[in-house]
Amino acid sequence: MNETETSAESLPAEVPHQEFRSGVPAGRFRLIVNPERAQKYVKHRLFVVGISLPLLGIGTALGLSGYPWIGLPLVVVGALLHRVVKAHATKILLHLALHDAKVYREALDYEILEVRYAA
């Protein structure tokens with residue numbers, strides 16, 4: 001392999017979504033994900049704050065009004081939702097990008113995901 005082939009493989013590739021879907025499971029691409037941007041994007045895309053805040057509020061209200069066994073699980077789920085999404089944001093982003101062309105395009109455009117041809 002000469003120097004131009006090596007540098008061409010290390011550059012980000014413009015890959016159509018259908019080729020991306022078939023190439024990732026086959027191992028034709030090397031994916032680079034920015035974990036901080038992935039966390040922010042996935043939290044926004046899945047509307048985590050909009051789901052967890054009502055769970056925390058309803059769980060707290062139920063706990064204070066005499067239903068602690070119903071309210072406690074809601075508070076726990078609301079509190080853990082952020083941590084679970086943060087811990088698995090890159091996997092969630094890859095799953096969303098494989099199944100939705102819009103998410104794939106946004107991940108590329110916002111420089112969250114970078115696709116390169118595997119060596």
# chains A, B, ... in the order shown; residues from 1 in each chain; ligands from 1
>>> residues_around(residues="segment 103-108 of chain A", least_positions_apart="6", cutoff="10 Å", atoms="only C-alpha atoms", output="list in words")
Pro12, Glu14, Val15, Pro16, His17, Phe20, Arg21, Val33, Asn34, Arg37, Ala38, Tyr41, Val42, Arg45, Leu93, Leu94, His95, Leu96, Ala97, Glu114 and Val115 of chain A
>>> write_last_selection(atoms="N, CA, C and O atoms", output="tab-separated table (two decimals), in the first residue's frame")
chain	number	residue	atom	x	y	z
A	12	PRO	N	-12.38	10.96	6.53
A	12	PRO	CA	-13.80	10.62	6.67
A	12	PRO	C	-14.43	10.36	5.30
A	12	PRO	O	-14.11	11.04	4.32
A	14	GLU	N	-17.78	9.94	2.73
A	14	GLU	CA	-19.19	10.28	2.50
A	14	GLU	C	-19.88	9.00	2.05
A	14	GLU	O	-19.79	8.59	0.90
A	15	VAL	N	-20.55	8.37	2.98
A	15	VAL	CA	-21.16	7.07	2.73
A	15	VAL	C	-22.68	7.23	2.77
A	15	VAL	O	-23.21	7.76	3.75
A	16	PRO	N	-23.38	6.77	1.73
A	16	PRO	CA	-24.85	6.81	1.78
A	16	PRO	C	-25.37	5.91	2.91
A	16	PRO	O	-24.71	4.95	3.32
A	17	HIS	N	-26.56	6.23	3.39
A	17	HIS	CA	-27.11	5.50	4.54
A	17	HIS	C	-27.28	4.02	4.26
A	17	HIS	O	-26.99	3.19	5.13
A	20	PHE	N	-24.03	2.37	4.51
A	20	PHE	CA	-23.65	2.37	5.93
A	20	PHE	C	-24.35	1.24	6.66
A	20	PHE	O	-23.72	0.52	7.45
A	21	ARG	N	-25.64	1.07	6.41
A	21	ARG	CA	-26.40	0.01	7.08
A	21	ARG	C	-25.86	-1.37	6.76
A	21	ARG	O	-25.81	-2.24	7.63
A	33	VAL	N	-16.86	8.08	17.26
A	33	VAL	CA	-17.97	8.80	17.87
A	33	VAL	C	-17.42	9.74	18.93
A	33	VAL	O	-16.62	9.34	19.77
A	34	ASN	N	-17.86	10.99	18.90
A	34	ASN	CA	-17.52	11.96	19.93
A	34	ASN	C	-18.47	11.70	21.10
A	34	ASN	O	-19.66	11.99	21.00
A	37	ARG	N	-20.61	14.82	22.57
A	37	ARG	CA	-21.67	15.26	21.65
A	37	ARG	C	-22.74	14.18	21.50
A	37	ARG	O	-23.92	14.50	21.35
A	38	ALA	N	-22.33	12.92	21.55
A	38	ALA	CA	-23.30	11.83	21.45
A	38	ALA	C	-24.26	11.85	22.63
A	38	ALA	O	-25.46	11.66	22.47
A	41	TYR	N	-26.68	14.77	22.12
A	41	TYR	CA	-27.61	14.51	21.02
A	41	TYR	C	-28.65	13.46	21.40
A	41	TYR	O	-29.83	13.63	21.14
A	42	VAL	N	-28.19	12.37	22.02
A	42	VAL	CA	-29.11	11.29	22.37
A	42	VAL	C	-30.11	11.76	23.44
A	42	VAL	O	-31.30	11.45	23.35
A	45	ARG	N	-32.51	13.93	21.49
A	45	ARG	CA	-33.31	13.15	20.53
A	45	ARG	C	-34.35	12.28	21.24
A	45	ARG	O	-35.48	12.13	20.76
A	93	LEU	N	-26.70	5.90	19.93
A	93	LEU	CA	-26.52	6.69	18.71
A	93	LEU	C	-26.29	5.78	17.51
A	93	LEU	O	-26.88	5.99	16.44
A	94	LEU	N	-25.45	4.78	17.66
A	94	LEU	CA	-25.19	3.85	16.55
A	94	LEU	C	-26.47	3.12	16.15
A	94	LEU	O	-26.77	2.98	14.96
A	95	HIS	N	-27.23	2.68	17.13
A	95	HIS	CA	-28.50	2.01	16.83
A	95	HIS	C	-29.46	2.94	16.08
A	95	HIS	O	-30.05	2.54	15.08
A	96	LEU	N	-29.59	4.17	16.57
A	96	LEU	CA	-30.47	5.13	15.90
A	96	LEU	C	-29.99	5.45	14.49
A	96	LEU	O	-30.79	5.55	13.56
A	97	ALA	N	-28.67	5.60	14.32
A	97	ALA	CA	-28.12	5.91	13.00
A	97	ALA	C	-28.30	4.77	12.02
A	97	ALA	O	-28.51	4.99	10.83
A	114	GLU	N	-18.18	9.91	12.78
A	114	GLU	CA	-17.27	9.98	11.65
A	114	GLU	C	-17.12	8.57	11.10
A	114	GLU	O	-16.86	7.63	11.86
A	115	VAL	N	-17.30	8.41	9.80
A	115	VAL	CA	-17.24	7.10	9.17
A	115	VAL	C	-15.99	7.05	8.28
A	115	VAL	O	-15.80	7.92	7.44
>>> residues_around(residues="Arg83 of chain A", least_positions_apart="3", cutoff="12 Å", atoms="only C-alpha atoms", output="PyMOL selection string")
chain A and resi 39+43+48-49+52+76-80+86-89
>>> write_last_selection(atoms="C-alpha atoms", output="PDB file, in the first residue's frame")
ATOM      1  CA  GLN A  39     -24.586  12.178  25.016  1.00  0.00           C
ATOM      2  CA  LYS A  43     -30.547  13.057  25.431  1.00  0.00           C
ATOM      3  CA  VAL A  48     -34.813  12.412  28.325  1.00  0.00           C
ATOM      4  CA  VAL A  49     -35.366  15.581  30.366  1.00  0.00           C
ATOM      5  CA  SER A  52     -37.486  12.139  33.629  1.00  0.00           C
ATOM      6  CA  VAL A  76     -35.700   5.786  40.834  1.00  0.00           C
ATOM      7  CA  VAL A  77     -36.446   5.470  37.109  1.00  0.00           C
ATOM      8  CA  GLY A  78     -36.484   9.244  36.694  1.00  0.00           C
ATOM      9  CA  ALA A  79     -33.148   9.587  38.476  1.00  0.00           C
ATOM     10  CA  LEU A  80     -31.413   6.699  36.705  1.00  0.00           C
ATOM     11  CA  LYS A  86     -25.087   8.868  29.449  1.00  0.00           C
ATOM     12  CA  ALA A  87     -23.374   5.505  29.912  1.00  0.00           C
ATOM     13  CA  HIS A  88     -24.750   4.010  26.695  1.00  0.00           C
ATOM     14  CA  ALA A  89     -25.025   7.086  24.469  1.00  0.00           C
TER      15      ALA A  89
END
>>> atom_distance(atom1="atom CA of Gly63 of chain A", atom2="atom CA of Val75 of chain A")
9.1 Å
>>> residues_around(residues="Arg30 of chain A", least_positions_apart="4", cutoff="9 Å", atoms="only C-alpha atoms", output="ChimeraX atom specification")
/A:24,114-119
>>> write_last_selection(atoms="C-alpha atoms", output="short mmCIF file (atom, residue, chain, number, x, y, z; two decimals), in the first residue's frame")
data_model
loop_
_atom_site.label_atom_id
_atom_site.label_comp_id
_atom_site.auth_asym_id
_atom_site.auth_seq_id
_atom_site.Cartn_x
_atom_site.Cartn_y
_atom_site.Cartn_z
CA VAL A 24 -21.26 -1.63 9.54
CA GLU A 114 -17.27 9.98 11.65
CA VAL A 115 -17.24 7.10 9.17
CA ARG A 116 -13.98 5.83 7.68
CA TYR A 117 -13.22 2.85 5.51
CA ALA A 118 -11.60 0.01 7.44
CA ALA A 119 -8.08 -0.95 6.52
#
>>> select_by_dssp(residues="chain A", states="strand (DSSP E or B)", output="MDAnalysis selection string")
chainID A and resid 29:33 113:117
>>> atom_distance(atom1="atom CA of Lys91 of chain A", atom2="atom CA of Pro25 of chain A")
13.6 Å
>>> atom_distance(atom1="atom CA of Leu74 of chain A", atom2="atom CA of His44 of chain A")
20.8 Å
>>> residues_around(residues="Ala61 of chain A", least_positions_apart="5", cutoff="12 Å", atoms="only C-alpha atoms", output="list in words")
Pro54, Leu55, Leu56, Gly66, Tyr67, Pro68, Trp69, Ile70, Gly71, Leu72, Leu74 and Val75 of chain A
>>> write_last_selection(atoms="N, CA, C and O atoms", output="PDB file, in the first residue's frame")
ATOM      1  N   PRO A  54     -41.090  14.717  34.697  1.00  0.00           N
ATOM      2  CA  PRO A  54     -42.432  14.312  35.163  1.00  0.00           C
ATOM      3  C   PRO A  54     -42.413  13.042  36.019  1.00  0.00           C
ATOM      4  O   PRO A  54     -43.179  12.926  36.973  1.00  0.00           O
ATOM      5  N   LEU A  55     -41.532  12.093  35.684  1.00  0.00           N
ATOM      6  CA  LEU A  55     -41.434  10.891  36.515  1.00  0.00           C
ATOM      7  C   LEU A  55     -41.000  11.242  37.936  1.00  0.00           C
ATOM      8  O   LEU A  55     -41.562  10.724  38.910  1.00  0.00           O
ATOM      9  N   LEU A  56     -40.004  12.121  38.047  1.00  0.00           N
ATOM     10  CA  LEU A  56     -39.557  12.543  39.374  1.00  0.00           C
ATOM     11  C   LEU A  56     -40.657  13.293  40.121  1.00  0.00           C
ATOM     12  O   LEU A  56     -40.884  13.051  41.316  1.00  0.00           O
ATOM     13  N   GLY A  66     -48.795   9.562  50.426  1.00  0.00           N
ATOM     14  CA  GLY A  66     -49.185   8.313  51.074  1.00  0.00           C
ATOM     15  C   GLY A  66     -49.039   7.070  50.217  1.00  0.00           C
ATOM     16  O   GLY A  66     -49.476   5.998  50.630  1.00  0.00           O
ATOM     17  N   TYR A  67     -48.456   7.170  49.057  1.00  0.00           N
ATOM     18  CA  TYR A  67     -48.257   6.008  48.182  1.00  0.00           C
ATOM     19  C   TYR A  67     -46.762   5.813  47.880  1.00  0.00           C
ATOM     20  O   TYR A  67     -46.326   5.895  46.729  1.00  0.00           O
ATOM     21  N   PRO A  68     -45.963   5.520  48.895  1.00  0.00           N
ATOM     22  CA  PRO A  68     -44.512   5.449  48.679  1.00  0.00           C
ATOM     23  C   PRO A  68     -44.083   4.278  47.795  1.00  0.00           C
ATOM     24  O   PRO A  68     -43.084   4.378  47.098  1.00  0.00           O
ATOM     25  N   TRP A  69     -44.808   3.173  47.816  1.00  0.00           N
ATOM     26  CA  TRP A  69     -44.399   2.017  47.021  1.00  0.00           C
ATOM     27  C   TRP A  69     -44.693   2.206  45.543  1.00  0.00           C
ATOM     28  O   TRP A  69     -44.126   1.502  44.705  1.00  0.00           O
ATOM     29  N   ILE A  70     -45.563   3.123  45.226  1.00  0.00           N
ATOM     30  CA  ILE A  70     -45.805   3.461  43.819  1.00  0.00           C
ATOM     31  C   ILE A  70     -44.884   4.598  43.393  1.00  0.00           C
ATOM     32  O   ILE A  70     -44.358   4.604  42.282  1.00  0.00           O
ATOM     33  N   GLY A  71     -44.653   5.553  44.283  1.00  0.00           N
ATOM     34  CA  GLY A  71     -43.843   6.714  43.959  1.00  0.00           C
ATOM     35  C   GLY A  71     -42.354   6.429  43.899  1.00  0.00           C
ATOM     36  O   GLY A  71     -41.633   7.014  43.079  1.00  0.00           O
ATOM     37  N   LEU A  72     -41.857   5.528  44.752  1.00  0.00           N
ATOM     38  CA  LEU A  72     -40.427   5.233  44.799  1.00  0.00           C
ATOM     39  C   LEU A  72     -39.879   4.703  43.468  1.00  0.00           C
ATOM     40  O   LEU A  72     -38.846   5.183  43.007  1.00  0.00           O
ATOM     41  N   LEU A  74     -40.958   5.270  40.492  1.00  0.00           N
ATOM     42  CA  LEU A  74     -40.967   6.371  39.528  1.00  0.00           C
ATOM     43  C   LEU A  74     -39.793   7.325  39.766  1.00  0.00           C
ATOM     44  O   LEU A  74     -39.161   7.785  38.810  1.00  0.00           O
ATOM     45  N   VAL A  75     -39.499   7.608  41.024  1.00  0.00           N
ATOM     46  CA  VAL A  75     -38.363   8.469  41.353  1.00  0.00           C
ATOM     47  C   VAL A  75     -37.054   7.799  40.937  1.00  0.00           C
ATOM     48  O   VAL A  75     -36.164   8.445  40.365  1.00  0.00           O
TER      49      VAL A  75
END
>>> closest_residue(among="A:Lys40, A:Ala13, A:Gly57, A:Pro73", to="Arg28 of chain A", atoms="only C-alpha atoms")
A:Ala13
>>> select_by_dssp(residues="chain A", states="alpha helix (DSSP H)", output="PyMOL selection string")
chain A and resi 3-10+17-26+35-45+48-64+68-87+89-99+101-109
>>> write_last_selection(atoms="C-alpha atoms", output="tab-separated table (two decimals), in the first residue's frame")
chain	number	residue	atom	x	y	z
A	3	GLU	CA	1.07	6.64	1.00
A	4	THR	CA	-1.94	7.99	-0.95
A	5	GLU	CA	-4.02	4.87	-0.25
A	6	THR	CA	-3.24	5.08	3.47
A	7	SER	CA	-4.19	8.74	3.70
A	8	ALA	CA	-7.39	8.16	1.71
A	9	GLU	CA	-8.48	5.46	4.19
A	10	SER	CA	-7.90	7.75	7.16
A	17	HIS	CA	-27.11	5.50	4.54
A	18	GLN	CA	-27.96	2.24	2.77
A	19	GLU	CA	-24.27	1.42	2.29
A	20	PHE	CA	-23.65	2.37	5.93
A	21	ARG	CA	-26.40	0.01	7.08
A	22	SER	CA	-24.98	-2.92	5.15
A	23	GLY	CA	-21.32	-2.09	5.76
A	24	VAL	CA	-21.26	-1.63	9.54
A	25	PRO	CA	-22.28	-5.22	10.43
A	26	ALA	CA	-19.84	-6.51	7.80
A	35	PRO	CA	-18.87	10.75	23.31
A	36	GLU	CA	-19.73	14.19	24.72
A	37	ARG	CA	-21.67	15.26	21.65
A	38	ALA	CA	-23.30	11.83	21.45
A	39	GLN	CA	-24.59	12.18	25.02
A	40	LYS	CA	-26.08	15.59	24.32
A	41	TYR	CA	-27.61	14.51	21.02
A	42	VAL	CA	-29.11	11.29	22.37
A	43	LYS	CA	-30.55	13.06	25.43
A	44	HIS	CA	-32.12	15.65	23.15
A	45	ARG	CA	-33.31	13.15	20.53
A	48	VAL	CA	-34.81	12.41	28.33
A	49	VAL	CA	-35.37	15.58	30.37
A	50	GLY	CA	-39.00	15.75	29.28
A	51	ILE	CA	-39.54	12.20	30.43
A	52	SER	CA	-37.49	12.14	33.63
A	53	LEU	CA	-38.76	15.38	35.20
A	54	PRO	CA	-42.43	14.31	35.16
A	55	LEU	CA	-41.43	10.89	36.52
A	56	LEU	CA	-39.56	12.54	39.37
A	57	GLY	CA	-42.40	14.96	40.08
A	58	ILE	CA	-45.17	12.39	39.97
A	59	GLY	CA	-43.12	9.92	42.02
A	60	THR	CA	-42.37	12.54	44.66
A	61	ALA	CA	-46.01	13.62	44.82
A	62	LEU	CA	-47.18	10.03	45.17
A	63	GLY	CA	-44.60	9.34	47.87
A	64	LEU	CA	-45.57	12.42	49.88
A	68	PRO	CA	-44.51	5.45	48.68
A	69	TRP	CA	-44.40	2.02	47.02
A	70	ILE	CA	-45.81	3.46	43.82
A	71	GLY	CA	-43.84	6.71	43.96
A	72	LEU	CA	-40.43	5.23	44.80
A	73	PRO	CA	-39.99	3.28	41.53
A	74	LEU	CA	-40.97	6.37	39.53
A	75	VAL	CA	-38.36	8.47	41.35
A	76	VAL	CA	-35.70	5.79	40.83
A	77	VAL	CA	-36.45	5.47	37.11
A	78	GLY	CA	-36.48	9.24	36.69
A	79	ALA	CA	-33.15	9.59	38.48
A	80	LEU	CA	-31.41	6.70	36.71
A	81	LEU	CA	-32.60	7.57	33.21
A	82	HIS	CA	-29.92	10.25	32.73
A	83	ARG	CA	-27.15	7.97	33.94
A	84	VAL	CA	-28.19	5.06	31.74
A	85	VAL	CA	-28.43	7.23	28.65
A	86	LYS	CA	-25.09	8.87	29.45
A	87	ALA	CA	-23.37	5.50	29.91
A	89	ALA	CA	-25.02	7.09	24.47
A	90	THR	CA	-22.60	5.85	21.82
A	91	LYS	CA	-24.40	2.51	21.46
A	92	ILE	CA	-27.78	4.24	21.35
A	93	LEU	CA	-26.52	6.69	18.71
A	94	LEU	CA	-25.19	3.85	16.55
A	95	HIS	CA	-28.50	2.01	16.83
A	96	LEU	CA	-30.47	5.13	15.90
A	97	ALA	CA	-28.12	5.91	13.00
A	98	LEU	CA	-28.42	2.40	11.62
A	99	HIS	CA	-32.21	2.53	11.61
A	101	ALA	CA	-31.34	8.02	7.80
A	102	LYS	CA	-32.18	11.40	9.36
A	103	VAL	CA	-30.29	10.58	12.56
A	104	TYR	CA	-27.35	9.30	10.48
A	105	ARG	CA	-27.22	12.53	8.45
A	106	GLU	CA	-27.52	14.71	11.58
A	107	ALA	CA	-24.77	12.74	13.34
A	108	LEU	CA	-22.47	13.35	10.38
A	109	ASP	CA	-23.43	17.00	9.97
